[in-house]
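Student: Pasting run-v3.txt below, which is compact mmCIF, C-alpha atoms.
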```txt
# COMPACT_ATOMS: atom_id res chain seq x y z
CA MET A 1 -1.17 -14.14 -13.32
CA GLN A 2 -1.19 -12.57 -9.92
CA ARG A 3 1.85 -11.20 -8.09
CA CYS A 4 2.38 -9.10 -5.00
CA ARG A 5 5.24 -6.99 -3.65
CA PRO A 6 5.68 -4.77 -0.62
CA LEU A 7 5.76 -1.22 -2.01
CA LEU A 8 4.40 2.23 -1.08
CA GLY A 9 4.28 1.11 2.56
CA THR A 10 1.67 -1.50 1.73
CA PHE A 11 1.17 -4.54 -0.49
CA VAL A 12 0.84 -3.92 -4.20
CA GLU A 13 -1.00 -6.72 -5.96
CA ILE A 14 -1.07 -6.99 -9.73
CA THR A 15 -3.41 -9.34 -11.57
CA ALA A 16 -2.97 -9.39 -15.33
CA ARG A 17 -3.93 -11.30 -18.43
CA ALA A 18 -2.50 -11.21 -21.94
CA SER A 19 -3.14 -13.09 -25.14
CA ASP A 20 0.58 -13.76 -25.32
CA GLU A 21 1.50 -15.35 -21.97
CA SER A 22 5.22 -14.92 -22.55
CA LYS A 23 4.83 -11.15 -22.52
CA LEU A 24 3.04 -11.15 -19.21
CA HIS A 25 6.00 -11.45 -16.84
CA ALA A 26 7.81 -8.57 -18.49
CA ALA A 27 4.64 -6.44 -18.41
CA VAL A 28 4.09 -7.14 -14.70
CA ASN A 29 7.77 -6.45 -13.94
CA GLY A 30 7.40 -3.16 -15.82
CA ALA A 31 4.34 -2.25 -13.77
CA PHE A 32 6.14 -2.97 -10.47
CA ALA A 33 9.09 -0.92 -11.72
CA ALA A 34 6.73 2.00 -12.46
CA VAL A 35 5.39 1.85 -8.89
CA GLU A 36 8.92 1.63 -7.51
CA GLY A 37 9.84 4.68 -9.56
CA ILE A 38 7.02 6.73 -8.03
CA GLN A 39 7.98 5.54 -4.55
CA HIS A 40 11.59 6.52 -5.17
CA LEU A 41 10.54 10.04 -6.20
CA MET A 42 7.68 10.79 -3.84
CA SER A 43 8.15 8.85 -0.61
CA VAL A 44 7.91 11.14 2.37
CA HIS A 45 9.66 8.51 4.53
CA ASP A 46 12.72 8.17 2.30
CA PRO A 47 15.12 11.04 3.15
CA ASP A 48 16.68 10.69 -0.32
CA SER A 49 13.47 11.03 -2.35
CA GLU A 50 12.83 14.01 -4.59
CA LEU A 51 9.97 15.01 -2.31
CA SER A 52 12.28 15.02 0.71
CA ARG A 53 14.71 17.25 -1.20
CA LEU A 54 11.82 19.59 -1.92
CA ASN A 55 10.83 19.63 1.75
CA ARG A 56 14.41 20.52 2.72
CA PHE A 57 15.26 23.16 0.14
CA ALA A 58 12.16 24.65 -1.55
CA GLU A 59 11.80 27.06 1.35
CA LEU A 60 15.21 28.49 0.42
CA ARG A 61 15.13 28.53 -3.38
CA PRO A 62 13.15 27.17 -6.37
CA ILE A 63 13.83 23.45 -6.82
CA THR A 64 13.49 21.66 -10.16
CA VAL A 65 11.62 18.36 -9.99
CA SER A 66 10.97 15.47 -12.40
CA HIS A 67 8.04 15.38 -14.82
CA GLU A 68 6.35 12.74 -12.65
CA THR A 69 6.63 14.66 -9.38
CA PHE A 70 5.55 17.88 -11.07
CA ALA A 71 2.53 16.12 -12.57
CA VAL A 72 1.44 14.89 -9.13
CA LEU A 73 2.10 18.27 -7.49
CA ARG A 74 -0.01 20.02 -10.11
CA ARG A 75 -2.86 17.59 -9.60
CA ALA A 76 -2.57 17.91 -5.81
CA HIS A 77 -2.57 21.68 -6.00
CA ALA A 78 -5.53 21.80 -8.38
CA MET A 79 -7.46 19.52 -6.03
CA ALA A 80 -6.60 21.78 -3.06
CA VAL A 81 -7.83 24.83 -4.99
CA GLU A 82 -11.01 23.15 -6.26
CA SER A 83 -11.91 21.74 -2.84
CA ASP A 84 -10.94 25.01 -1.13
CA GLY A 85 -8.48 23.14 1.08
CA ALA A 86 -10.57 20.07 1.92
CA PHE A 87 -7.82 18.19 0.10
CA ASP A 88 -4.57 19.43 1.59
CA TYR A 89 -1.13 18.09 0.70
CA THR A 90 0.65 20.24 3.32
CA VAL A 91 -0.51 18.49 6.50
CA ALA A 92 2.86 16.72 7.04
CA PRO A 93 3.92 18.99 9.96
CA THR A 94 0.75 18.04 11.87
CA LEU A 95 1.32 14.32 11.21
CA ALA A 96 4.96 14.72 12.30
CA GLN A 97 3.79 16.32 15.53
CA TRP A 98 1.51 13.34 16.16
CA GLY A 99 4.40 10.95 15.52
CA LEU A 100 2.86 9.52 12.33
CA LEU A 101 5.54 10.97 10.03
CA PRO A 102 9.27 11.55 10.62
CA ALA A 103 10.06 14.35 13.08
CA ARG A 104 12.13 16.20 10.46
CA LEU A 105 8.86 17.22 8.77
CA TYR A 106 7.70 19.19 11.81
CA ARG A 107 7.47 22.98 11.32
CA LYS A 108 6.68 25.35 14.13
CA CYS A 109 4.29 27.70 12.30
CA PRO A 110 3.81 25.96 8.98
CA GLY A 111 2.42 27.59 5.87
CA GLY A 112 -0.23 25.85 3.77
CA TRP A 113 -0.96 24.91 0.18
CA ARG A 114 -1.53 28.58 -0.70
CA ASP A 115 2.18 29.11 -0.03
CA VAL A 116 3.30 26.58 -2.66
CA ARG A 117 4.29 28.01 -6.04
CA MET A 118 4.63 25.94 -9.22
CA LEU A 119 6.95 27.86 -11.52
CA PRO A 120 7.86 27.45 -15.20
CA GLY A 121 10.52 24.83 -15.91
CA ARG A 122 9.09 22.39 -13.31
CA LYS A 123 10.38 24.48 -10.44
CA VAL A 124 8.72 24.51 -7.02
CA ARG A 125 9.13 27.14 -4.32
CA PHE A 126 7.64 27.46 -0.82
CA LEU A 127 6.84 30.99 0.36
CA ARG A 128 6.82 29.90 4.00
CA PRO A 129 8.27 27.00 5.98
CA LEU A 130 6.15 23.96 5.19
CA ALA A 131 6.35 20.28 4.32
CA LEU A 132 4.51 18.34 1.63
CA ASP A 133 3.14 14.84 1.90
CA LEU A 134 1.75 13.32 -1.30
CA GLY A 135 0.43 10.25 0.53
CA GLY A 136 -3.13 11.21 -0.30
CA ILE A 137 -2.64 11.16 -4.05
CA ALA A 138 0.68 9.58 -5.09
CA LYS A 139 -0.39 6.03 -4.30
CA GLY A 140 -3.29 6.41 -6.72
CA PHE A 141 -0.97 7.99 -9.28
CA ALA A 142 1.40 5.01 -8.94
CA VAL A 143 -1.53 2.67 -9.64
CA ASP A 144 -2.33 4.67 -12.80
CA ARG A 145 1.31 4.43 -13.94
CA ALA A 146 1.30 0.67 -13.31
CA ILE A 147 -1.84 0.32 -15.45
CA ASP A 148 -0.15 2.34 -18.23
CA ALA A 149 2.87 0.03 -18.07
CA LEU A 150 0.68 -3.08 -18.24
CA ARG A 151 -1.22 -1.73 -21.22
CA ARG A 152 2.02 -0.85 -23.02
CA GLY A 153 3.38 -4.28 -22.14
CA GLY A 154 0.55 -6.03 -23.95
CA ALA A 155 -1.78 -6.97 -21.09
CA THR A 156 -5.40 -7.28 -22.19
CA ALA A 157 -6.94 -7.03 -18.72
CA ALA A 158 -5.49 -6.09 -15.36
CA VAL A 159 -6.17 -5.03 -11.79
CA VAL A 160 -3.58 -3.12 -9.79
CA ASN A 161 -4.41 -2.94 -6.09
CA ALA A 162 -2.11 -0.90 -3.84
CA GLY A 163 -3.45 -1.74 -0.41
CA GLY A 164 -7.00 -0.81 -1.34
CA ASP A 165 -6.39 1.88 -3.96
CA LEU A 166 -7.02 0.04 -7.16
CA ARG A 167 -7.77 0.34 -10.84
CA VAL A 168 -9.29 -2.10 -13.26
CA PHE A 169 -8.70 -2.14 -16.98
CA GLY A 170 -9.92 -4.46 -19.71
CA ALA A 171 -13.27 -5.73 -20.82
CA GLN A 172 -14.20 -7.66 -17.69
CA SER A 173 -15.74 -6.05 -14.64
CA SER A 174 -14.22 -6.76 -11.28
CA ARG A 175 -15.81 -7.39 -7.94
CA ILE A 176 -14.35 -5.42 -5.05
CA LEU A 177 -15.05 -6.12 -1.39
CA LEU A 178 -15.10 -3.14 0.93
CA ARG A 179 -13.69 -3.74 4.38
CA HIS A 180 -15.95 -2.88 7.26
CA PRO A 181 -14.33 0.07 9.07
CA ALA A 182 -15.26 -1.17 12.55
CA ARG A 183 -14.41 -4.80 11.85
CA PRO A 184 -11.77 -4.82 9.15
CA GLN A 185 -11.74 -8.61 9.12
CA THR A 186 -15.22 -8.55 7.61
CA PHE A 187 -16.73 -6.81 4.64
CA ALA A 188 -19.39 -4.14 4.56
CA THR A 189 -20.43 -4.57 0.97
CA SER A 190 -19.18 -5.43 -2.46
CA LEU A 191 -19.07 -3.25 -5.53
CA ARG A 192 -18.55 -4.06 -9.16
CA ILE A 193 -16.36 -1.79 -11.24
CA GLU A 194 -15.31 -1.77 -14.85
CA ARG A 195 -12.61 0.34 -16.51
CA ALA A 196 -12.40 2.53 -13.44
CA ALA A 197 -10.54 3.14 -10.21
CA LEU A 198 -11.63 2.79 -6.62
CA ALA A 199 -9.83 4.19 -3.58
CA THR A 200 -10.75 3.91 0.08
CA SER A 201 -9.64 6.00 3.03
CA SER A 202 -10.34 5.08 6.62
CA PRO A 203 -8.61 5.92 9.89
CA CYS A 204 -9.20 2.43 11.27
CA PHE A 205 -5.65 1.00 10.93
CA THR A 206 -3.72 4.11 11.98
CA GLU A 207 -5.86 5.51 14.76
CA GLN A 208 -3.89 5.87 17.99
CA ALA A 209 -3.64 7.90 21.18
CA TRP A 210 -1.56 11.06 21.32
CA ARG A 211 -1.48 13.21 24.48
CA GLY A 212 -4.93 12.11 25.56
CA ARG A 213 -6.44 12.60 22.11
CA ARG A 214 -7.22 10.19 19.32
CA VAL A 215 -5.25 10.85 16.12
CA SER A 216 -4.89 9.13 12.74
CA HIS A 217 -3.10 9.67 9.43
CA LEU A 218 -6.14 11.59 8.17
CA VAL A 219 -6.06 15.27 9.08
CA ASP A 220 -9.06 17.51 8.66
CA PRO A 221 -7.26 20.60 7.34
CA ILE A 222 -10.21 22.82 8.10
CA ASN A 223 -9.75 22.55 11.87
CA GLY A 224 -6.44 20.67 12.15
CA SER A 225 -7.90 17.73 14.04
CA ALA A 226 -7.73 14.07 13.13
CA ILE A 227 -10.49 12.07 11.54
CA THR A 228 -11.23 9.12 13.78
CA GLY A 229 -13.99 6.63 14.27
CA ASP A 230 -15.49 3.75 12.38
CA VAL A 231 -15.91 5.31 9.00
CA SER A 232 -14.53 4.62 5.57
CA VAL A 233 -14.96 6.49 2.32
CA SER A 234 -14.54 4.86 -1.08
CA VAL A 235 -14.57 6.80 -4.31
CA ARG A 236 -14.98 5.43 -7.80
CA ALA A 237 -13.45 7.60 -10.52
CA ARG A 238 -11.91 7.12 -13.93
CA GLU A 239 -8.32 7.38 -12.66
CA CYS A 240 -6.88 6.27 -9.36
CA TRP A 241 -5.07 9.52 -8.37
CA LEU A 242 -8.47 11.21 -8.61
CA ALA A 243 -10.28 8.53 -6.60
CA ASP A 244 -7.51 8.66 -3.97
CA ALA A 245 -7.65 12.47 -3.60
CA LEU A 246 -11.45 12.65 -3.66
CA THR A 247 -11.74 10.29 -0.66
CA LYS A 248 -10.12 13.00 1.46
CA VAL A 249 -12.50 15.67 0.16
CA VAL A 250 -15.51 13.49 1.00
CA LEU A 251 -14.15 12.77 4.50
CA ASN A 252 -13.37 16.42 5.25
CA ALA A 253 -16.13 18.30 3.48
CA PRO A 254 -19.03 16.12 2.27
CA CYS A 255 -21.02 19.10 0.98
CA ARG A 256 -18.19 20.50 -1.14
CA ALA A 257 -17.44 16.97 -2.29
CA LYS A 258 -20.78 16.61 -4.08
CA ARG A 259 -19.89 19.36 -6.54
CA LEU A 260 -16.45 17.92 -7.18
CA LEU A 261 -17.75 14.37 -7.58
CA ALA A 262 -20.22 15.61 -10.18
CA ARG A 263 -17.52 17.50 -12.06
CA TYR A 264 -15.25 14.47 -12.22
CA GLU A 265 -18.08 12.01 -12.86
CA ALA A 266 -17.14 10.18 -9.69
CA GLU A 267 -19.16 8.46 -6.99
CA ALA A 268 -18.54 8.11 -3.27
CA PHE A 269 -19.51 5.31 -0.92
CA VAL A 270 -19.45 6.12 2.76
CA VAL A 271 -19.51 3.19 5.15
CA THR A 272 -20.35 3.85 8.77
CA ALA A 273 -20.85 1.35 11.53
CA MET B 1 -22.70 7.81 -12.93
CA SER B 2 -24.32 9.67 -10.12
CA ASP B 3 -23.23 12.84 -8.42
CA TRP B 4 -24.67 11.69 -5.13
CA ILE B 5 -22.84 10.30 -2.16
CA HIS B 6 -24.04 6.81 -1.38
CA ARG B 7 -24.14 6.14 2.29
CA ILE B 8 -23.77 2.52 3.20
CA VAL B 9 -24.63 1.93 6.80
CA ALA B 10 -23.32 -1.45 7.83
CA PRO B 11 -24.44 -2.46 11.29
CA PRO B 12 -22.35 -5.41 12.50
CA ALA B 13 -25.28 -7.79 12.21
CA LEU B 14 -25.53 -7.24 8.47
CA VAL B 15 -21.88 -7.73 7.82
CA ILE B 16 -21.07 -10.61 5.56
CA ALA B 17 -18.89 -12.93 7.57
CA VAL B 18 -16.37 -14.72 5.48
CA GLY B 19 -16.44 -18.28 6.70
CA ALA B 20 -13.88 -19.15 9.31
CA VAL B 21 -10.40 -17.70 9.59
CA PRO B 22 -8.51 -16.69 7.61
CA CYS B 23 -10.85 -14.15 6.17
CA TYR B 24 -8.70 -13.37 3.20
CA ALA B 25 -6.00 -15.42 1.54
CA ALA B 26 -4.15 -15.21 -1.71
CA THR B 27 -1.49 -17.37 -3.30
CA TYR B 28 0.75 -15.62 -5.76
CA LEU B 29 3.77 -17.77 -6.48
CA THR B 30 5.33 -21.08 -5.52
CA ALA B 31 8.86 -21.00 -4.14
CA GLU B 32 10.14 -22.29 -7.50
CA GLN B 33 8.28 -19.68 -9.52
CA ALA B 34 9.63 -16.91 -7.28
CA GLN B 35 13.18 -18.21 -7.70
CA LYS B 36 12.87 -18.06 -11.47
CA ILE B 37 11.32 -14.59 -11.40
CA CYS B 38 14.12 -13.27 -9.19
CA PHE B 39 16.95 -14.94 -11.15
CA PRO B 40 15.64 -15.61 -14.67
CA GLU B 41 19.18 -16.32 -15.92
CA ALA B 42 19.88 -19.01 -13.28
CA THR B 43 20.44 -22.59 -14.41
CA GLU B 44 20.19 -24.15 -10.95
CA PHE B 45 19.16 -23.39 -7.39
CA ILE B 46 21.19 -25.30 -4.82
CA VAL B 47 19.59 -25.95 -1.45
CA ALA B 48 21.65 -24.36 1.33
CA ASP B 49 19.30 -24.31 4.33
CA VAL B 50 20.71 -23.01 7.60
CA LYS B 51 19.81 -24.38 11.04
CA LEU B 52 20.27 -21.71 13.67
CA THR B 53 21.46 -22.31 17.22
CA SER B 54 19.97 -20.14 19.93
CA THR B 55 23.27 -18.23 20.14
CA GLN B 56 23.11 -17.50 16.40
CA MET B 57 19.47 -16.47 16.67
CA LYS B 58 20.34 -14.05 19.47
CA ALA B 59 23.23 -12.61 17.47
CA ILE B 60 20.89 -11.92 14.52
CA GLU B 61 18.34 -10.36 16.86
CA LYS B 62 21.00 -8.12 18.35
CA ASP B 63 22.35 -7.08 14.98
CA SER B 64 18.98 -6.40 13.34
CA GLY B 65 16.87 -5.36 16.31
CA VAL B 66 14.17 -7.74 15.05
CA ARG B 67 12.98 -10.92 16.77
CA VAL B 68 14.02 -14.21 15.15
CA ARG B 69 11.29 -16.87 15.23
CA LEU B 70 12.46 -19.55 12.81
CA HIS B 71 15.10 -22.11 13.78
CA THR B 72 15.64 -23.13 10.18
CA GLN B 73 16.05 -20.63 7.38
CA LYS B 74 15.37 -21.94 3.89
CA VAL B 75 18.13 -20.80 1.56
CA TRP B 76 19.13 -21.47 -2.06
CA ARG B 77 22.24 -20.49 -3.98
CA ALA B 78 21.36 -19.27 -7.47
CA LYS B 79 23.91 -20.22 -10.12
CA ALA B 80 24.27 -19.79 -13.87
CA GLY B 81 26.72 -22.55 -14.79
CA ASP B 82 29.71 -21.95 -12.52
CA ARG B 83 28.84 -18.35 -11.86
CA PHE B 84 27.33 -17.53 -8.45
CA LEU B 85 24.43 -15.10 -8.95
CA GLY B 86 23.14 -14.64 -5.42
CA TRP B 87 20.90 -15.98 -2.70
CA ILE B 88 17.23 -16.80 -2.36
CA ILE B 89 15.98 -16.78 1.22
CA GLN B 90 12.47 -17.94 1.98
CA ASP B 91 10.87 -16.57 5.08
CA GLU B 92 7.60 -15.98 6.88
CA VAL B 93 6.38 -13.02 8.89
CA LEU B 94 3.56 -12.85 11.32
CA GLY B 95 2.03 -9.40 11.47
CA LYS B 96 -0.78 -8.03 13.54
CA HIS B 97 -3.35 -9.16 11.00
CA GLU B 98 -1.41 -11.12 8.42
CA PHE B 99 0.71 -14.18 7.92
CA ILE B 100 2.98 -13.93 4.92
CA ASN B 101 5.33 -16.32 3.13
CA TRP B 102 7.83 -14.39 1.07
CA THR B 103 11.24 -14.58 -0.55
CA LEU B 104 14.15 -12.21 -0.52
CA ALA B 105 16.60 -12.38 -3.41
CA LEU B 106 20.08 -11.05 -2.66
CA ASN B 107 22.74 -10.23 -5.25
CA ALA B 108 26.11 -11.94 -4.88
CA ASP B 109 27.39 -8.88 -2.98
CA GLY B 110 24.56 -9.21 -0.44
CA SER B 111 22.49 -6.24 -1.66
CA VAL B 112 18.72 -6.63 -2.03
CA LYS B 113 17.72 -7.72 -5.54
CA GLN B 114 14.02 -8.38 -5.21
CA ILE B 115 11.19 -9.21 -2.84
CA GLU B 116 8.28 -11.42 -3.87
CA ILE B 117 5.28 -12.34 -1.76
CA LEU B 118 4.43 -16.05 -2.12
CA ASP B 119 1.20 -16.11 -0.20
CA TYR B 120 -0.72 -13.91 2.12
CA ARG B 121 -3.29 -14.69 4.78
CA GLU B 122 -5.12 -12.38 7.09
CA THR B 123 -5.48 -14.08 10.44
CA TYR B 124 -6.58 -11.56 13.05
CA GLY B 125 -4.65 -13.62 15.58
CA TYR B 126 -5.57 -11.65 18.65
CA GLU B 127 -9.27 -11.97 18.10
CA ILE B 128 -9.03 -15.60 17.12
CA ARG B 129 -7.36 -16.49 20.40
CA ASN B 130 -10.13 -14.67 22.21
CA ASP B 131 -12.90 -17.22 22.74
CA LYS B 132 -15.59 -14.65 23.26
CA TRP B 133 -14.78 -13.04 19.97
CA ARG B 134 -14.65 -16.39 18.25
CA ALA B 135 -18.13 -17.24 19.51
CA GLN B 136 -19.40 -13.99 18.08
CA PHE B 137 -17.75 -14.67 14.78
CA CYS B 138 -19.12 -18.20 14.53
CA GLY B 139 -22.59 -16.86 15.16
CA LYS B 140 -22.32 -14.76 12.04
CA GLN B 141 -21.62 -17.68 9.80
CA HIS B 142 -25.31 -18.39 9.59
CA GLY B 143 -25.77 -15.32 7.46
CA ALA B 144 -24.72 -14.88 3.89
CA ARG B 145 -21.55 -16.85 3.70
CA LEU B 146 -19.11 -15.67 1.17
CA LYS B 147 -16.79 -18.04 -0.60
CA LEU B 148 -13.47 -16.66 -1.66
CA ASP B 149 -13.57 -17.85 -5.22
CA ASP B 150 -11.54 -16.60 -8.14
CA ASP B 151 -13.97 -13.81 -8.66
CA ILE B 152 -13.17 -12.13 -5.38
CA ARG B 153 -9.60 -11.16 -5.35
CA ASN B 154 -9.76 -7.49 -4.65
CA ILE B 155 -10.27 -5.78 -1.38
CA SER B 156 -10.49 -2.10 -0.73
CA GLY B 157 -10.43 -0.56 2.70
CA ALA B 158 -8.02 0.75 5.27
CA THR B 159 -4.51 0.17 4.03
CA LEU B 160 -2.51 -2.61 5.66
CA SER B 161 1.07 -1.72 6.47
CA CYS B 162 3.99 -3.75 5.11
CA ARG B 163 6.17 -2.83 8.07
CA HIS B 164 6.61 -6.48 9.06
CA ILE B 165 8.20 -7.21 5.70
CA THR B 166 10.49 -4.21 6.16
CA ASP B 167 11.55 -5.65 9.53
CA GLY B 168 11.94 -9.05 7.88
CA VAL B 169 14.34 -7.59 5.31
CA LYS B 170 16.43 -6.08 8.14
CA ARG B 171 16.52 -9.44 9.90
CA LEU B 172 17.48 -11.37 6.75
CA LEU B 173 20.22 -8.88 5.89
CA SER B 174 21.71 -9.53 9.34
CA PHE B 175 21.25 -13.28 8.75
CA HIS B 176 23.18 -12.95 5.49
CA GLU B 177 25.91 -10.87 7.11
CA LEU B 178 26.41 -13.28 10.01
CA MET B 179 25.61 -16.66 8.47
CA LEU B 180 26.07 -16.63 4.69
CA LYS B 181 28.77 -14.10 3.83
CA HIS B 182 32.24 -15.59 3.65
```
What would you get if you wrote out this structure as structure tokens?
Tutor:
Amino acid sequence: MQRCRPLLGTFVEITARASDESKLHAAVNGAFAAVEGIQHLMSVHDPDSELSRLNRFAELRPITVSHETFAVLRRAHAMAVESDGAFDYTVAPTLAQWGLLPARLYRKCPGGWRDVRMLPGRKVRFLRPLALDLGGIAKGFAVDRAIDALRRGGATAAVVNAGGDLRVFGAQSSRILLRHPARPQTFATSLRIERAALATSSPCFTEQAWRGRRVSHLVDPINGSAITGDVSVSVRARECWLADALTKVVLNAPCRAKRLLARYEAEAFVVTA
Amino acid sequence: MSDWIHRIVAPPALVIAVGAVPCYAATYLTAEQAQKICFPEATEFIVADVKLTSTQMKAIEKDSGVRVRLHTQKVWRAKAGDRFLGWIIQDEVLGKHEFINWTLALNADGSVKQIEILDYRETYGYEIRNDKWRAQFCGKQHGARLKLDDDIRNISGATLSCRHITDGVKRLLSFHELMLKH
């Protein structure tokens, strides 16, 4: 069975098999519900999400968040530390300035990930004005949660693909086509993955002009400029949040990425035109 | 697994061209399947299609801020016995790169119940209308031609936006408000 819904700002496609067909619909519904749950908590666009509440108030006082949001924040922070900032979940003010995120996320002199504190009791506090955007990791996390739901629901094999961030589970390997970054209507290559996740980041659908410069949704936190051009980075890792986050490390700091890829037993594929 | 970064250089000439347009297509559900998924408890779906006059189309455009393309909107009333459960509205959106058939299920009070994509096609309309580009594309068909069989259902790459569906929901909520609500 294959179904698709618009979620996480993209199309989430779920393909699943089960020995008991009657269970399948409920399992797929559960997986979509899991993705919806993550979107509800961590959408940066939704002013009522938990993340938006954090962005409004954590500068003033410690804010308690859900287990899910705290789990993603901890992963995001660990990735920022391990990559020495090549993965940065505090670039929202820059993206707001470029018009790629809502203007309310703009901060005049924003702090960075070093100014985020995770406190006991799932509390989060910002030491300086800043805004978080979990777009570089939460989509992958949502894919992982969907896979968990499918497994619990009795699926024997499944693929969850959230607009290119995907994970495969079950005995069968899956063939994945990688879009060509310069000509997204064609494919650069195909990869085969089994019991793993693959995420791809590329500026090619969001690149646009801003005050005479080219900008995209991918910010290089090291110099604050946008990543542009016909390039795409795909990472294969065991879980999708990890693959998702590692694509940004490879794009921003290829040398540092090698060490991290080795540590997480991951692989990167860089496609250039 | 390797700790090395694989660099795939894909000059346009080596790109695998996927037949003619559309380059990617997927069918998920028929209209009937989607109806049953959205309202599993329903016993019948009564056809209630609405033909729109140009005045009505303009009113929906004004209310939603989204262009109305279709003159006829396919609509069903979902019922469980005598009980009215809600509406199923079938629609299509034409994005920058994609053509999508989809359904919106509304609860009896007009709130959104569920969205299901029926089928999805990437069309790259702009380039297709451009003859020069088309010539280029045709030239590439001589190379390795890839068939979109069951094996190839997954694509990774730059994320496509679902903004056109979001606009479609706005438009259909206005349609419901102006044309269906009593």
Student: Go through A:Ala18, A:Val235, A:Val81, A:Val219 and flag the residue nearest chain B, using all atoms listed in the file for the distances.
Tutor: A:Val235
Student: Find the residues near segment 117-119 of chain B: any atom within 8 Å, counting only C-alpha atoms, skip ones fewer than 4 places away on the same chain, and give them as number ranges by chain.
Tutor: A: 3-6; B: 25-31, 34, 100-103
Student: Could you give me, as JSON lines, every chain A residue with an atom at most 7 Å from chain B, plus its closest atom pair and distance in Å to one decimal, counting all atoms listed in the file, rows ordered by chain then number?
Tutor:
```
{"residue": "A:Gln2", "atom": "CA", "partner": "B:Tyr28", "partner_atom": "CA", "distance": 5.5}
{"residue": "A:Arg3", "atom": "CA", "partner": "B:Tyr28", "partner_atom": "CA", "distance": 5.1}
{"residue": "A:Cys4", "atom": "CA", "partner": "B:Ile117", "partner_atom": "CA", "distance": 5.4}
{"residue": "A:Arg5", "atom": "CA", "partner": "B:Glu116", "partner_atom": "CA", "distance": 5.4}
{"residue": "A:Pro6", "atom": "CA", "partner": "B:Cys162", "partner_atom": "CA", "distance": 6.1}
{"residue": "A:Gly9", "atom": "CA", "partner": "B:Cys162", "partner_atom": "CA", "distance": 5.5}
{"residue": "A:Thr10", "atom": "CA", "partner": "B:Cys162", "partner_atom": "CA", "distance": 4.7}
{"residue": "A:Phe11", "atom": "CA", "partner": "B:Cys162", "partner_atom": "CA", "distance": 6.3}
{"residue": "A:Gly163", "atom": "CA", "partner": "B:Thr159", "partner_atom": "CA", "distance": 4.9}
{"residue": "A:Gly164", "atom": "CA", "partner": "B:Ser156", "partner_atom": "CA", "distance": 3.8}
{"residue": "A:Asp165", "atom": "CA", "partner": "B:Ser156", "partner_atom": "CA", "distance": 6.6}
{"residue": "A:Arg175", "atom": "CA", "partner": "B:Ile152", "partner_atom": "CA", "distance": 6.0}
{"residue": "A:Ile176", "atom": "CA", "partner": "B:Asn154", "partner_atom": "CA", "distance": 5.1}
{"residue": "A:Leu177", "atom": "CA", "partner": "B:Ile155", "partner_atom": "CA", "distance": 4.8}
{"residue": "A:Leu178", "atom": "CA", "partner": "B:Ser156", "partner_atom": "CA", "distance": 5.0}
{"residue": "A:Arg179", "atom": "CA", "partner": "B:Gly157", "partner_atom": "CA", "distance": 4.9}
{"residue": "A:Gln185", "atom": "CA", "partner": "B:Cys23", "partner_atom": "CA", "distance": 6.3}
{"residue": "A:Thr186", "atom": "CA", "partner": "B:Ala17", "partner_atom": "CA", "distance": 5.7}
{"residue": "A:Phe187", "atom": "CA", "partner": "B:Ile16", "partner_atom": "CA", "distance": 5.8}
{"residue": "A:Ala188", "atom": "CA", "partner": "B:Val15", "partner_atom": "CA", "distance": 5.5}
{"residue": "A:Ala199", "atom": "CA", "partner": "B:Ser156", "partner_atom": "CA", "distance": 6.9}
{"residue": "A:Thr200", "atom": "CA", "partner": "B:Gly157", "partner_atom": "CA", "distance": 5.2}
{"residue": "A:Ser201", "atom": "CA", "partner": "B:Ala158", "partner_atom": "CA", "distance": 5.9}
{"residue": "A:Ser202", "atom": "CA", "partner": "B:Ala158", "partner_atom": "CA", "distance": 5.1}
{"residue": "A:Pro203", "atom": "CA", "partner": "B:Ala158", "partner_atom": "CA", "distance": 7.0}
{"residue": "A:Cys204", "atom": "CA", "partner": "B:Ala158", "partner_atom": "CA", "distance": 6.3}
{"residue": "A:Phe205", "atom": "CA", "partner": "B:Ala158", "partner_atom": "CA", "distance": 6.1}
{"residue": "A:Lys258", "atom": "CA", "partner": "B:Asp3", "partner_atom": "CA", "distance": 6.2}
{"residue": "A:Leu261", "atom": "CA", "partner": "B:Asp3", "partner_atom": "CA", "distance": 5.8}
{"residue": "A:Ala262", "atom": "CA", "partner": "B:Asp3", "partner_atom": "CA", "distance": 4.5}
{"residue": "A:Glu265", "atom": "CA", "partner": "B:Met1", "partner_atom": "CA", "distance": 6.2}
{"residue": "A:Ala266", "atom": "CA", "partner": "B:Asp3", "partner_atom": "CA", "distance": 6.8}
{"residue": "A:Glu267", "atom": "CA", "partner": "B:Asp3", "partner_atom": "CA", "distance": 6.1}
{"residue": "A:Ala268", "atom": "CA", "partner": "B:Ile5", "partner_atom": "CA", "distance": 5.0}
{"residue": "A:Phe269", "atom": "CA", "partner": "B:His6", "partner_atom": "CA", "distance": 4.8}
{"residue": "A:Val270", "atom": "CA", "partner": "B:Arg7", "partner_atom": "CA", "distance": 4.7}
{"residue": "A:Val271", "atom": "CA", "partner": "B:Ile8", "partner_atom": "CA", "distance": 4.7}
{"residue": "A:Thr272", "atom": "CA", "partner": "B:Val9", "partner_atom": "CA", "distance": 5.1}
{"residue": "A:Ala273", "atom": "CA", "partner": "B:Pro11", "partner_atom": "CA", "distance": 5.2}
```
Student: I'd like the interatomic distance between atom CA of Ile14 of chain A and atom CA of Ala158 of chain A, to a tenth of an Å.
Tutor: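 Separation of atom CA of Ile14 of chain A and atom CA of Ala158 of chain A: 7.2 Å.
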Student: Edge lengths and centre in Å to one decimal, as lines of an AutoDock Vina configuration file, is what I'm after for the box along x, y and z that holds all listed atoms of segment 12-29 of chain A once 5 Å is added on each side.
Tutor:
```
center_x = 1.9
center_y = -9.6
center_z = -14.8
size_x = 21.7
size_y = 21.4
size_z = 31.1
```
